[in-house]
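What follows is model.cif (mmCIF, C-alpha atoms).
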data_upload
#
loop_
_atom_site.group_PDB
_atom_site.id
_atom_site.type_symbol
_atom_site.label_atom_id
_atom_site.label_comp_id
_atom_site.auth_asym_id
_atom_site.auth_seq_id
_atom_site.Cartn_x
_atom_site.Cartn_y
_atom_site.Cartn_z
ATOM 1 C CA MET A 1 -28.421 -31.045 -93.399
ATOM 2 C CA LEU A 2 -27.104 -29.878 -90.025
ATOM 3 C CA VAL A 3 -23.334 -29.707 -89.798
ATOM 4 C CA LEU A 4 -22.225 -30.025 -86.185
ATOM 5 C CA ARG A 5 -18.737 -28.583 -86.257
ATOM 6 C CA VAL A 6 -17.180 -26.097 -83.870
ATOM 7 C CA SER A 7 -14.949 -23.827 -85.882
ATOM 8 C CA GLY A 8 -13.942 -20.229 -86.463
ATOM 9 C CA ASP A 9 -12.411 -17.576 -84.221
ATOM 10 C CA LEU A 10 -13.926 -14.877 -82.092
ATOM 11 C CA PRO A 11 -13.279 -11.321 -83.280
ATOM 12 C CA VAL A 12 -12.199 -10.124 -79.841
ATOM 13 C CA GLU A 13 -9.183 -10.879 -77.686
ATOM 14 C CA ARG A 14 -9.979 -13.548 -75.135
ATOM 15 C CA GLY A 15 -9.440 -13.521 -71.419
ATOM 16 C CA SER A 16 -9.056 -9.888 -70.416
ATOM 17 C CA VAL A 17 -11.591 -7.373 -69.153
ATOM 18 C CA ALA A 18 -8.813 -4.881 -68.519
ATOM 19 C CA GLY A 19 -7.603 -5.212 -72.099
ATOM 20 C CA MET A 20 -10.799 -3.852 -73.628
ATOM 21 C CA GLY A 21 -9.418 -0.324 -73.865
ATOM 22 C CA ALA A 22 -11.105 3.008 -73.247
ATOM 23 C CA GLU A 23 -14.442 1.962 -74.749
ATOM 24 C CA ARG A 24 -15.130 -0.634 -72.098
ATOM 25 C CA PRO A 25 -18.789 -1.702 -71.801
ATOM 26 C CA ALA A 26 -20.860 -0.834 -68.737
ATOM 27 C CA TRP A 27 -20.562 -4.325 -67.273
ATOM 28 C CA ALA A 28 -16.781 -4.568 -67.468
ATOM 29 C CA ALA A 29 -15.893 -3.028 -64.099
ATOM 30 C CA GLU A 30 -18.239 -5.251 -62.101
ATOM 31 C CA VAL A 31 -17.184 -8.390 -63.956
ATOM 32 C CA GLU A 32 -13.544 -7.525 -63.319
ATOM 33 C CA ARG A 33 -14.235 -7.181 -59.577
ATOM 34 C CA VAL A 34 -16.091 -10.498 -59.455
ATOM 35 C CA LEU A 35 -13.204 -12.254 -61.203
ATOM 36 C CA ALA A 36 -10.774 -10.688 -58.740
ATOM 37 C CA GLY A 37 -12.865 -11.790 -55.760
ATOM 38 C CA ALA A 38 -13.628 -8.200 -54.735
ATOM 39 C CA LEU A 39 -17.365 -8.536 -55.418
ATOM 40 C CA PRO A 40 -19.542 -11.577 -54.692
ATOM 41 C CA GLY A 41 -21.553 -11.306 -57.904
ATOM 42 C CA ALA A 42 -22.704 -9.279 -60.878
ATOM 43 C CA VAL A 43 -25.370 -9.245 -63.592
ATOM 44 C CA ALA A 44 -24.147 -8.186 -67.041
ATOM 45 C CA GLU A 45 -26.569 -6.954 -69.696
ATOM 46 C CA ALA A 46 -24.694 -8.102 -72.781
ATOM 47 C CA ASP A 47 -24.269 -10.759 -75.413
ATOM 48 C CA ASN A 48 -22.780 -13.657 -73.489
ATOM 49 C CA LEU A 49 -20.142 -14.261 -76.164
ATOM 50 C CA GLU A 50 -18.686 -10.812 -75.507
ATOM 51 C CA VAL A 51 -18.532 -11.421 -71.744
ATOM 52 C CA LEU A 52 -17.109 -14.914 -72.164
ATOM 53 C CA ALA A 53 -14.335 -13.536 -74.366
ATOM 54 C CA ALA A 54 -13.296 -11.255 -71.483
ATOM 55 C CA ILE A 55 -13.019 -14.068 -68.909
ATOM 56 C CA PRO A 56 -9.545 -15.589 -68.426
ATOM 57 C CA ASP A 57 -8.908 -19.259 -69.084
ATOM 58 C CA GLY A 58 -9.891 -21.513 -66.179
ATOM 59 C CA ALA A 59 -11.498 -18.764 -64.074
ATOM 60 C CA VAL A 60 -14.929 -20.405 -63.606
ATOM 61 C CA ASP A 61 -15.698 -23.381 -61.358
ATOM 62 C CA LEU A 62 -19.240 -24.208 -62.485
ATOM 63 C CA VAL A 63 -21.455 -23.275 -65.435
ATOM 64 C CA TYR A 64 -25.192 -23.753 -65.591
ATOM 65 C CA ALA A 65 -26.555 -22.788 -69.002
ATOM 66 C CA ASP A 66 -30.214 -22.743 -70.029
ATOM 67 C CA PRO A 67 -30.146 -21.523 -73.640
ATOM 68 C CA PRO A 68 -33.254 -21.061 -75.797
ATOM 69 C CA PHE A 69 -34.803 -24.347 -76.914
ATOM 70 C CA ALA A 70 -35.146 -23.532 -80.641
ATOM 71 C CA THR A 71 -38.930 -23.416 -80.428
ATOM 72 C CA GLY A 72 -39.145 -20.967 -83.343
ATOM 73 C CA LYS A 73 -41.369 -18.646 -81.300
ATOM 74 C CA THR A 74 -41.309 -15.638 -79.024
ATOM 75 C CA GLN A 75 -41.899 -16.899 -75.499
ATOM 76 C CA ARG A 76 -44.242 -14.669 -73.478
ATOM 77 C CA LEU A 77 -45.786 -14.821 -70.019
ATOM 78 C CA GLU A 78 -48.394 -12.386 -68.716
ATOM 79 C CA SER A 79 -49.277 -12.095 -65.044
ATOM 80 C CA ILE A 80 -52.754 -10.738 -64.331
ATOM 81 C CA ARG A 81 -54.721 -9.401 -61.360
ATOM 82 C CA LEU A 82 -58.408 -10.240 -61.206
ATOM 83 C CA GLY A 83 -61.079 -7.811 -60.069
ATOM 84 C CA THR A 84 -59.544 -4.626 -61.460
ATOM 85 C CA GLY A 85 -58.700 -3.253 -64.885
ATOM 86 C CA ASP A 86 -60.512 -2.661 -68.151
ATOM 87 C CA ARG A 87 -60.131 -6.130 -69.670
ATOM 88 C CA THR A 88 -62.542 -9.001 -69.082
ATOM 89 C CA ARG A 89 -62.460 -12.777 -69.188
ATOM 90 C CA PRO A 90 -65.093 -15.472 -68.481
ATOM 91 C CA GLY A 91 -65.599 -16.097 -64.770
ATOM 92 C CA PHE A 92 -66.488 -19.309 -62.942
ATOM 93 C CA ARG A 93 -70.167 -19.195 -63.981
ATOM 94 C CA GLY A 94 -69.584 -17.569 -67.342
ATOM 95 C CA ASP A 95 -69.879 -14.022 -65.964
ATOM 96 C CA ALA A 96 -67.395 -11.432 -67.203
ATOM 97 C CA THR A 97 -64.543 -10.858 -64.710
ATOM 98 C CA ALA A 98 -62.397 -7.731 -64.895
ATOM 99 C CA TYR A 99 -58.616 -8.099 -64.930
ATOM 100 C CA GLU A 100 -55.455 -6.130 -65.599
ATOM 101 C CA VAL A 101 -52.022 -7.224 -66.799
ATOM 102 C CA VAL A 102 -49.472 -6.518 -64.071
ATOM 103 C CA SER A 103 -46.404 -7.905 -65.887
ATOM 104 C CA ASP A 104 -45.617 -9.032 -69.418
ATOM 105 C CA HIS A 105 -42.229 -10.613 -70.064
ATOM 106 C CA ALA A 106 -40.977 -12.117 -73.308
ATOM 107 C CA TYR A 107 -37.842 -13.278 -75.051
ATOM 108 C CA SER A 108 -37.066 -14.298 -78.604
ATOM 109 C CA ASP A 109 -36.510 -17.981 -79.386
ATOM 110 C CA ASP A 110 -37.044 -17.763 -83.127
ATOM 111 C CA LEU A 111 -33.667 -18.745 -84.605
ATOM 112 C CA PRO A 112 -33.789 -21.539 -87.192
ATOM 113 C CA LEU A 113 -32.386 -24.763 -85.745
ATOM 114 C CA ALA A 114 -29.141 -24.717 -87.739
ATOM 115 C CA ASP A 115 -28.439 -21.105 -86.691
ATOM 116 C CA HIS A 116 -29.316 -21.923 -83.083
ATOM 117 C CA LEU A 117 -26.842 -24.820 -83.020
ATOM 118 C CA ALA A 118 -24.112 -22.752 -84.677
ATOM 119 C CA ALA A 119 -24.494 -19.993 -82.091
ATOM 120 C CA LEU A 120 -24.540 -22.520 -79.256
ATOM 121 C CA ALA A 121 -21.429 -24.291 -80.553
ATOM 122 C CA GLU A 122 -19.451 -21.055 -80.490
ATOM 123 C CA ARG A 123 -20.480 -20.448 -76.896
ATOM 124 C CA LEU A 124 -19.754 -24.018 -75.796
ATOM 125 C CA ARG A 125 -16.179 -23.631 -76.957
ATOM 126 C CA GLU A 126 -15.801 -20.497 -74.848
ATOM 127 C CA LEU A 127 -17.458 -22.131 -71.828
ATOM 128 C CA HIS A 128 -14.978 -25.007 -72.102
ATOM 129 C CA ARG A 129 -12.106 -22.505 -72.154
ATOM 130 C CA VAL A 130 -13.169 -20.530 -69.089
ATOM 131 C CA LEU A 131 -13.826 -23.603 -66.931
ATOM 132 C CA SER A 132 -11.189 -24.567 -64.380
ATOM 133 C CA PRO A 133 -9.587 -28.054 -64.592
ATOM 134 C CA HIS A 134 -12.057 -29.298 -61.926
ATOM 135 C CA GLY A 135 -14.990 -27.326 -63.350
ATOM 136 C CA SER A 136 -18.082 -28.669 -65.044
ATOM 137 C CA LEU A 137 -20.999 -27.624 -67.221
ATOM 138 C CA TYR A 138 -24.693 -28.362 -66.727
ATOM 139 C CA LEU A 139 -26.468 -27.634 -70.011
ATOM 140 C CA HIS A 140 -30.268 -27.486 -69.879
ATOM 141 C CA VAL A 141 -32.046 -28.596 -73.078
ATOM 142 C CA ASP A 142 -35.283 -30.270 -74.145
ATOM 143 C CA TRP A 143 -36.493 -32.837 -76.658
ATOM 144 C CA ARG A 144 -35.976 -30.563 -79.652
ATOM 145 C CA THR A 145 -32.179 -30.386 -79.404
ATOM 146 C CA SER A 146 -30.880 -32.764 -76.700
ATOM 147 C CA HIS A 147 -29.578 -35.375 -79.166
ATOM 148 C CA LEU A 148 -27.867 -32.753 -81.325
ATOM 149 C CA VAL A 149 -26.427 -30.766 -78.437
ATOM 150 C CA ARG A 150 -24.872 -33.887 -76.958
ATOM 151 C CA LEU A 151 -22.905 -34.350 -80.193
ATOM 152 C CA LEU A 152 -21.652 -30.773 -79.892
ATOM 153 C CA LEU A 153 -20.624 -31.365 -76.292
ATOM 154 C CA ASP A 154 -18.833 -34.577 -77.185
ATOM 155 C CA GLU A 155 -16.836 -32.646 -79.750
ATOM 156 C CA VAL A 156 -15.968 -29.700 -77.489
ATOM 157 C CA PHE A 157 -15.439 -31.476 -74.160
ATOM 158 C CA GLY A 158 -14.752 -35.025 -75.381
ATOM 159 C CA ALA A 159 -17.159 -37.934 -75.076
ATOM 160 C CA GLU A 160 -15.129 -39.238 -72.124
ATOM 161 C CA ARG A 161 -16.043 -36.099 -70.142
ATOM 162 C CA PHE A 162 -19.766 -36.857 -70.228
ATOM 163 C CA LEU A 163 -20.942 -37.553 -66.667
ATOM 164 C CA ASN A 164 -24.747 -37.680 -66.579
ATOM 165 C CA GLU A 165 -27.917 -37.132 -68.522
ATOM 166 C CA ILE A 166 -30.174 -35.744 -65.792
ATOM 167 C CA ILE A 167 -33.908 -35.886 -66.355
ATOM 168 C CA TRP A 168 -35.861 -33.098 -64.666
ATOM 169 C CA ALA A 169 -39.382 -34.501 -64.547
ATOM 170 C CA TYR A 170 -42.463 -32.441 -63.688
ATOM 171 C CA ASP A 171 -46.208 -32.840 -64.116
ATOM 172 C CA TYR A 172 -47.766 -29.491 -64.865
ATOM 173 C CA GLY A 173 -49.510 -27.777 -67.778
ATOM 174 C CA GLY A 174 -51.387 -29.135 -70.777
ATOM 175 C CA ARG A 175 -51.497 -32.793 -71.777
ATOM 176 C CA ALA A 176 -51.238 -34.035 -75.366
ATOM 177 C CA ARG A 177 -54.084 -36.197 -76.642
ATOM 178 C CA ASP A 178 -52.189 -37.950 -79.447
ATOM 179 C CA ARG A 179 -48.875 -38.904 -77.725
ATOM 180 C CA TRP A 180 -47.301 -39.311 -74.292
ATOM 181 C CA PRO A 181 -47.262 -35.822 -72.736
ATOM 182 C CA ARG A 182 -43.787 -34.261 -72.719
ATOM 183 C CA LYS A 183 -43.134 -33.599 -69.045
ATOM 184 C CA HIS A 184 -39.377 -33.470 -68.668
ATOM 185 C CA ASP A 185 -36.280 -31.489 -69.617
ATOM 186 C CA THR A 186 -32.766 -32.866 -70.017
ATOM 187 C CA ILE A 187 -29.684 -31.512 -68.259
ATOM 188 C CA LEU A 188 -26.375 -32.711 -69.720
ATOM 189 C CA TRP A 189 -23.467 -32.720 -67.263
ATOM 190 C CA TYR A 190 -19.917 -32.611 -68.629
ATOM 191 C CA ALA A 191 -16.596 -32.236 -66.813
ATOM 192 C CA ARG A 192 -13.774 -29.983 -68.024
ATOM 193 C CA GLY A 193 -11.019 -32.376 -66.949
ATOM 194 C CA ALA A 194 -10.314 -35.782 -65.434
ATOM 195 C CA GLU A 195 -11.448 -34.613 -61.967
ATOM 196 C CA TRP A 196 -14.537 -32.665 -60.986
ATOM 197 C CA ARG A 197 -16.549 -31.479 -58.015
ATOM 198 C CA TYR A 198 -19.181 -33.865 -56.653
ATOM 199 C CA GLU A 199 -19.988 -32.898 -53.064
ATOM 200 C CA ARG A 200 -22.099 -35.859 -51.919
ATOM 201 C CA ASP A 201 -22.523 -34.614 -48.358
ATOM 202 C CA ALA A 202 -23.909 -31.262 -49.542
ATOM 203 C CA ILE A 203 -26.651 -32.721 -51.749
ATOM 204 C CA ASP A 204 -30.230 -32.564 -50.514
ATOM 205 C CA ARG A 205 -31.749 -35.974 -49.797
ATOM 206 C CA ILE A 206 -35.122 -37.280 -50.887
ATOM 207 C CA PRO A 207 -37.532 -39.737 -49.220
ATOM 208 C CA TYR A 208 -37.356 -43.449 -49.912
ATOM 209 C CA LEU A 209 -40.339 -44.700 -51.888
ATOM 210 C CA ALA A 210 -40.586 -47.696 -49.561
ATOM 211 C CA PRO A 211 -39.174 -46.464 -46.232
ATOM 212 C CA GLY A 212 -40.337 -49.584 -44.422
ATOM 213 C CA LEU A 213 -37.833 -51.675 -46.391
ATOM 214 C CA VAL A 214 -34.715 -49.731 -45.362
ATOM 215 C CA GLY A 215 -35.173 -49.294 -41.615
ATOM 216 C CA PRO A 216 -35.907 -46.188 -39.547
ATOM 217 C CA GLU A 217 -32.387 -44.729 -39.596
ATOM 218 C CA LYS A 218 -32.061 -44.747 -43.388
ATOM 219 C CA ALA A 219 -35.657 -43.641 -43.794
ATOM 220 C CA ALA A 220 -35.064 -40.624 -41.541
ATOM 221 C CA ARG A 221 -31.879 -39.680 -43.423
ATOM 222 C CA GLY A 222 -33.355 -40.122 -46.879
ATOM 223 C CA LYS A 223 -31.425 -41.074 -49.997
ATOM 224 C CA LEU A 224 -29.358 -39.262 -52.581
ATOM 225 C CA PRO A 225 -31.224 -38.400 -55.793
ATOM 226 C CA THR A 226 -30.560 -40.447 -58.902
ATOM 227 C CA ASP A 227 -30.306 -38.960 -62.396
ATOM 228 C CA VAL A 228 -34.099 -38.501 -62.492
ATOM 229 C CA TRP A 229 -35.195 -35.437 -60.506
ATOM 230 C CA TRP A 230 -38.899 -35.083 -59.743
ATOM 231 C CA MET A 231 -39.528 -31.412 -59.025
ATOM 232 C CA THR A 232 -42.449 -29.172 -59.781
ATOM 233 C CA ILE A 233 -42.018 -26.079 -61.923
ATOM 234 C CA VAL A 234 -42.500 -22.721 -60.194
ATOM 235 C CA PRO A 235 -46.280 -22.686 -59.568
ATOM 236 C CA PRO A 236 -48.237 -19.633 -60.789
ATOM 237 C CA GLY A 237 -49.256 -18.656 -57.247
ATOM 238 C CA SER A 238 -45.820 -19.141 -55.681
ATOM 239 C CA THR A 239 -44.057 -16.237 -53.974
ATOM 240 C CA GLU A 240 -40.942 -17.435 -55.819
ATOM 241 C CA ARG A 241 -42.481 -16.634 -59.195
ATOM 242 C CA THR A 242 -41.126 -13.570 -61.012
ATOM 243 C CA GLY A 243 -43.280 -13.673 -64.142
ATOM 244 C CA TYR A 244 -40.347 -14.543 -66.420
ATOM 245 C CA PRO A 245 -41.440 -17.180 -68.984
ATOM 246 C CA THR A 246 -38.706 -19.771 -68.413
ATOM 247 C CA GLN A 247 -37.985 -19.309 -64.710
ATOM 248 C CA LYS A 248 -36.530 -22.433 -63.101
ATOM 249 C CA PRO A 249 -37.228 -23.437 -59.485
ATOM 250 C CA ILE A 250 -34.620 -22.403 -56.938
ATOM 251 C CA ARG A 251 -34.472 -25.961 -55.609
ATOM 252 C CA LEU A 252 -33.233 -27.218 -58.980
ATOM 253 C CA LEU A 253 -30.347 -24.762 -59.056
ATOM 254 C CA GLU A 254 -29.494 -25.207 -55.395
ATOM 255 C CA ARG A 255 -29.010 -28.933 -55.994
ATOM 256 C CA ILE A 256 -26.673 -28.296 -58.926
ATOM 257 C CA VAL A 257 -24.678 -25.571 -57.175
ATOM 258 C CA ALA A 258 -24.361 -27.572 -53.939
ATOM 259 C CA ALA A 259 -23.271 -30.731 -55.747
ATOM 260 C CA SER A 260 -20.739 -29.268 -58.174
ATOM 261 C CA SER A 261 -19.115 -26.307 -56.452
ATOM 262 C CA ARG A 262 -17.693 -25.298 -53.089
ATOM 263 C CA PRO A 263 -18.077 -22.106 -51.013
ATOM 264 C CA GLY A 264 -16.181 -19.284 -52.659
ATOM 265 C CA ASP A 265 -16.235 -20.888 -56.123
ATOM 266 C CA LEU A 266 -17.358 -18.856 -59.140
ATOM 267 C CA VAL A 267 -20.645 -19.935 -60.766
ATOM 268 C CA LEU A 268 -21.464 -18.631 -64.244
ATOM 269 C CA ASP A 269 -24.852 -18.527 -65.962
ATOM 270 C CA PRO A 270 -24.528 -17.156 -69.525
ATOM 271 C CA TYR A 271 -28.313 -17.274 -70.178
ATOM 272 C CA ALA A 272 -29.376 -15.912 -66.814
ATOM 273 C CA GLY A 273 -33.059 -15.203 -67.416
ATOM 274 C CA SER A 274 -34.686 -14.376 -64.092
ATOM 275 C CA GLY A 275 -31.449 -14.902 -62.136
ATOM 276 C CA THR A 276 -32.242 -18.135 -60.282
ATOM 277 C CA THR A 277 -28.671 -19.415 -60.618
ATOM 278 C CA GLY A 278 -27.366 -16.282 -58.923
ATOM 279 C CA VAL A 279 -29.896 -16.581 -56.105
ATOM 280 C CA ALA A 280 -28.865 -20.205 -55.500
ATOM 281 C CA ALA A 281 -25.160 -19.341 -55.613
ATOM 282 C CA ALA A 282 -25.589 -16.397 -53.233
ATOM 283 C CA ARG A 283 -27.549 -18.512 -50.741
ATOM 284 C CA LEU A 284 -24.835 -21.163 -50.767
ATOM 285 C CA GLY A 285 -21.879 -18.805 -50.403
ATOM 286 C CA ARG A 286 -20.577 -18.934 -53.979
ATOM 287 C CA ARG A 287 -19.596 -16.052 -56.225
ATOM 288 C CA TRP A 288 -21.805 -15.620 -59.256
ATOM 289 C CA LEU A 289 -21.718 -14.051 -62.675
ATOM 290 C CA LEU A 290 -24.945 -13.763 -64.662
ATOM 291 C CA VAL A 291 -25.248 -12.653 -68.293
ATOM 292 C CA ASP A 292 -28.349 -11.889 -70.335
ATOM 293 C CA ARG A 293 -29.022 -9.512 -73.195
ATOM 294 C CA ASN A 294 -32.736 -9.098 -72.395
ATOM 295 C CA PRO A 295 -33.161 -5.869 -70.353
ATOM 296 C CA ALA A 296 -36.334 -7.206 -68.685
ATOM 297 C CA ALA A 297 -34.515 -10.346 -67.535
ATOM 298 C CA VAL A 298 -31.592 -8.309 -66.225
ATOM 299 C CA GLU A 299 -33.959 -6.053 -64.277
ATOM 300 C CA ILE A 300 -35.647 -9.069 -62.662
ATOM 301 C CA ALA A 301 -32.328 -10.720 -61.804
ATOM 302 C CA ARG A 302 -30.872 -7.550 -60.302
ATOM 303 C CA ARG A 303 -34.018 -6.992 -58.246
ATOM 304 C CA ARG A 304 -33.894 -10.549 -56.881
ATOM 305 C CA LEU A 305 -30.196 -10.229 -56.050
ATOM 306 C CA ALA A 306 -30.300 -6.717 -54.604
ATOM 307 C CA GLY A 307 -28.163 -6.502 -51.514
ATOM 308 C CA THR A 308 -25.924 -9.484 -52.300
ATOM 309 C CA THR A 309 -23.223 -7.376 -53.974
ATOM 310 C CA THR A 310 -22.576 -5.033 -51.072
#
Reformat the file's structure so that it appears as structure tokens.
Amino acid sequence: MLVLRVSGDLPVERGSVAGMGAERPAWAAEVERVLAGALPGAVAEADNLEVLAAIPDGAVDLVYADPPFATGKTQRLESIRLGTGDRTRPGFRGDATAYEVVSDHAYSDDLPLADHLAALAERLRELHRVLSPHGSLYLHVDWRTSHLVRLLLDEVFGAERFLNEIIWAYDYGGRARDRWPRKHDTILWYARGAEWRYERDAIDRIPYLAPGLVGPEKAARGKLPTDVWWMTIVPPGSTERTGYPTQKPIRLLERIVAASSRPGDLVLDPYAGSGTTGVAAARLGRRWLLVDRNPAAVEIARRRLAGTTT
């Protein structure tokens, strides 16, 4: 039986980077400068719980979190280059085609479900604490945990703070033969307090499905998205692609950042992966703080964001 309770205390003092003492971790100085507004952003290679414990109450305006999905596997993505290398694969006509692996990124997603939910619950409590009174959380989940995670969020934030269940729908990859193909993720949006950011005028607009029914002026302007977002994943041949297994499209994060924060606000991603949240925040004039304990992910994120911290 899964017990969905948020309990226990963190073993470190909350809310102070400066209070860590002489043995401060490598990320502490940059995080401190971001919190003080002296640096536009930083990427911390660390356990996110440790970084969250060092952030003062109410310091963050927006959180986007894309935790592991409790798949029970190690997620891996190889990028290859055809025509060179000492490996071979079948070609178009069955001929052997040489190839080489140019990147190989992976992360562990092998926690049992109960352990995954317990770890997530502890982090949700800290995310609630660091959010400002007008702040909000977008939590990215899939079919494995969405129903369970919503119960956790109701407990931490309060069921009355639930704002939207956003469906990110895409049509890419394999198709099941014995059930409807799973082609969407769920993003749960919760507010910290009774008021929250929703910047309607900053949100990208989408075409009307029947533009002839709304007139030329409305058709030219487009309409605001609903809670179902049709967006492709990052295609394999895209220049946006980094090779990280769970990379999200920049357009997805730009919509979230534009809608739920303002220029100068602090955006936090505690499961940063390839750094897309930071790229979106930097493009839109927000401060950003990214955390990931995977060195390969941190390297990718820092490379993508090079030049934005100077």
What are the centre and the three edge lengths of an axis-aligned box that wraps all atoms of stretch 246-264 of chain A in the file, given that 6 Å is added to every side, written as lines of an AutoDock Vina configuration file and rounded to one decimal in Å?
center_x = -27.4
center_y = -25.0
center_z = -59.7
size_x = 34.5
size_y = 23.4
size_z = 29.4
Carefully work through the PyMOL selection byres ((chain A and resi 263-276) around 8) for this structure and note down the residues it includes, as a ChimeraX atom specification.
/A:48,59-67,242,244,246-250,253,257,261-262,277-281,284-292,294,297-298,300-302,304-305
Can those selected residues be exported to a file as a compact mmCIF listing (two decimals), in the coordinates of the input so that it contains C-alpha atoms?
# COMPACT_ATOMS: atom_id res chain seq x y z
CA ASN A 48 -22.78 -13.66 -73.49
CA ALA A 59 -11.50 -18.76 -64.07
CA VAL A 60 -14.93 -20.40 -63.61
CA ASP A 61 -15.70 -23.38 -61.36
CA LEU A 62 -19.24 -24.21 -62.48
CA VAL A 63 -21.46 -23.28 -65.44
CA TYR A 64 -25.19 -23.75 -65.59
CA ALA A 65 -26.56 -22.79 -69.00
CA ASP A 66 -30.21 -22.74 -70.03
CA PRO A 67 -30.15 -21.52 -73.64
CA THR A 242 -41.13 -13.57 -61.01
CA TYR A 244 -40.35 -14.54 -66.42
CA THR A 246 -38.71 -19.77 -68.41
CA GLN A 247 -37.98 -19.31 -64.71
CA LYS A 248 -36.53 -22.43 -63.10
CA PRO A 249 -37.23 -23.44 -59.48
CA ILE A 250 -34.62 -22.40 -56.94
CA LEU A 253 -30.35 -24.76 -59.06
CA VAL A 257 -24.68 -25.57 -57.18
CA SER A 261 -19.11 -26.31 -56.45
CA ARG A 262 -17.69 -25.30 -53.09
CA THR A 277 -28.67 -19.42 -60.62
CA GLY A 278 -27.37 -16.28 -58.92
CA VAL A 279 -29.90 -16.58 -56.10
CA ALA A 280 -28.86 -20.20 -55.50
CA ALA A 281 -25.16 -19.34 -55.61
CA LEU A 284 -24.84 -21.16 -50.77
CA GLY A 285 -21.88 -18.80 -50.40
CA ARG A 286 -20.58 -18.93 -53.98
CA ARG A 287 -19.60 -16.05 -56.22
CA TRP A 288 -21.80 -15.62 -59.26
CA LEU A 289 -21.72 -14.05 -62.68
CA LEU A 290 -24.94 -13.76 -64.66
CA VAL A 291 -25.25 -12.65 -68.29
CA ASP A 292 -28.35 -11.89 -70.33
CA ASN A 294 -32.74 -9.10 -72.40
CA ALA A 297 -34.52 -10.35 -67.54
CA VAL A 298 -31.59 -8.31 -66.22
CA ILE A 300 -35.65 -9.07 -62.66
CA ALA A 301 -32.33 -10.72 -61.80
CA ARG A 302 -30.87 -7.55 -60.30
CA ARG A 304 -33.89 -10.55 -56.88
CA LEU A 305 -30.20 -10.23 -56.05
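Take the candidates A:Leu117, A:Ala42, A:Arg192, A:Glu30 and check each one against A:Ala282 using only C-alpha atoms; the shortest distance goes to A:Ala42.
One finds atom CA of A:Pro133 at 20.9 Å from atom CA of A:Glu32.
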Please provide the set of residues having any atom within 9 Å of A:Pro211, restricted to all atoms listed in the file, with same-chain residues fewer than 6 positions apart removed, written as a PDB file with C-alpha atoms, in the frame of the given file.
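Contents of part_31.pdb, freshly written:
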ATOM      1  CA  LYS A 218     -32.061 -44.747 -43.388  1.00  0.00           C
ATOM      2  CA  ALA A 219     -35.657 -43.641 -43.794  1.00  0.00           C
ATOM      3  CA  ALA A 220     -35.064 -40.624 -41.541  1.00  0.00           C
ATOM      4  CA  GLY A 222     -33.355 -40.122 -46.879  1.00  0.00           C
TER       5      GLY A 222
END
What residues come out when you apply the PyMOL selection byres ((chain A and resi 223) around 9) to this file, written as a list in words?
Asp204, Arg205, Ile206, Pro207, Tyr208, Lys218, Ala219, Arg221, Gly222, Leu224, Pro225 and Thr226 of chain A
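Atom pair atom CA of A:Val51 / atom CA of A:Val31: separated by 8.5 Å.
The residue that comes closest to A:Val228, out of A:Arg179, A:Gly193, A:Tyr170, A:Phe162 and on the basis of all atoms listed in the file, is A:Tyr170.
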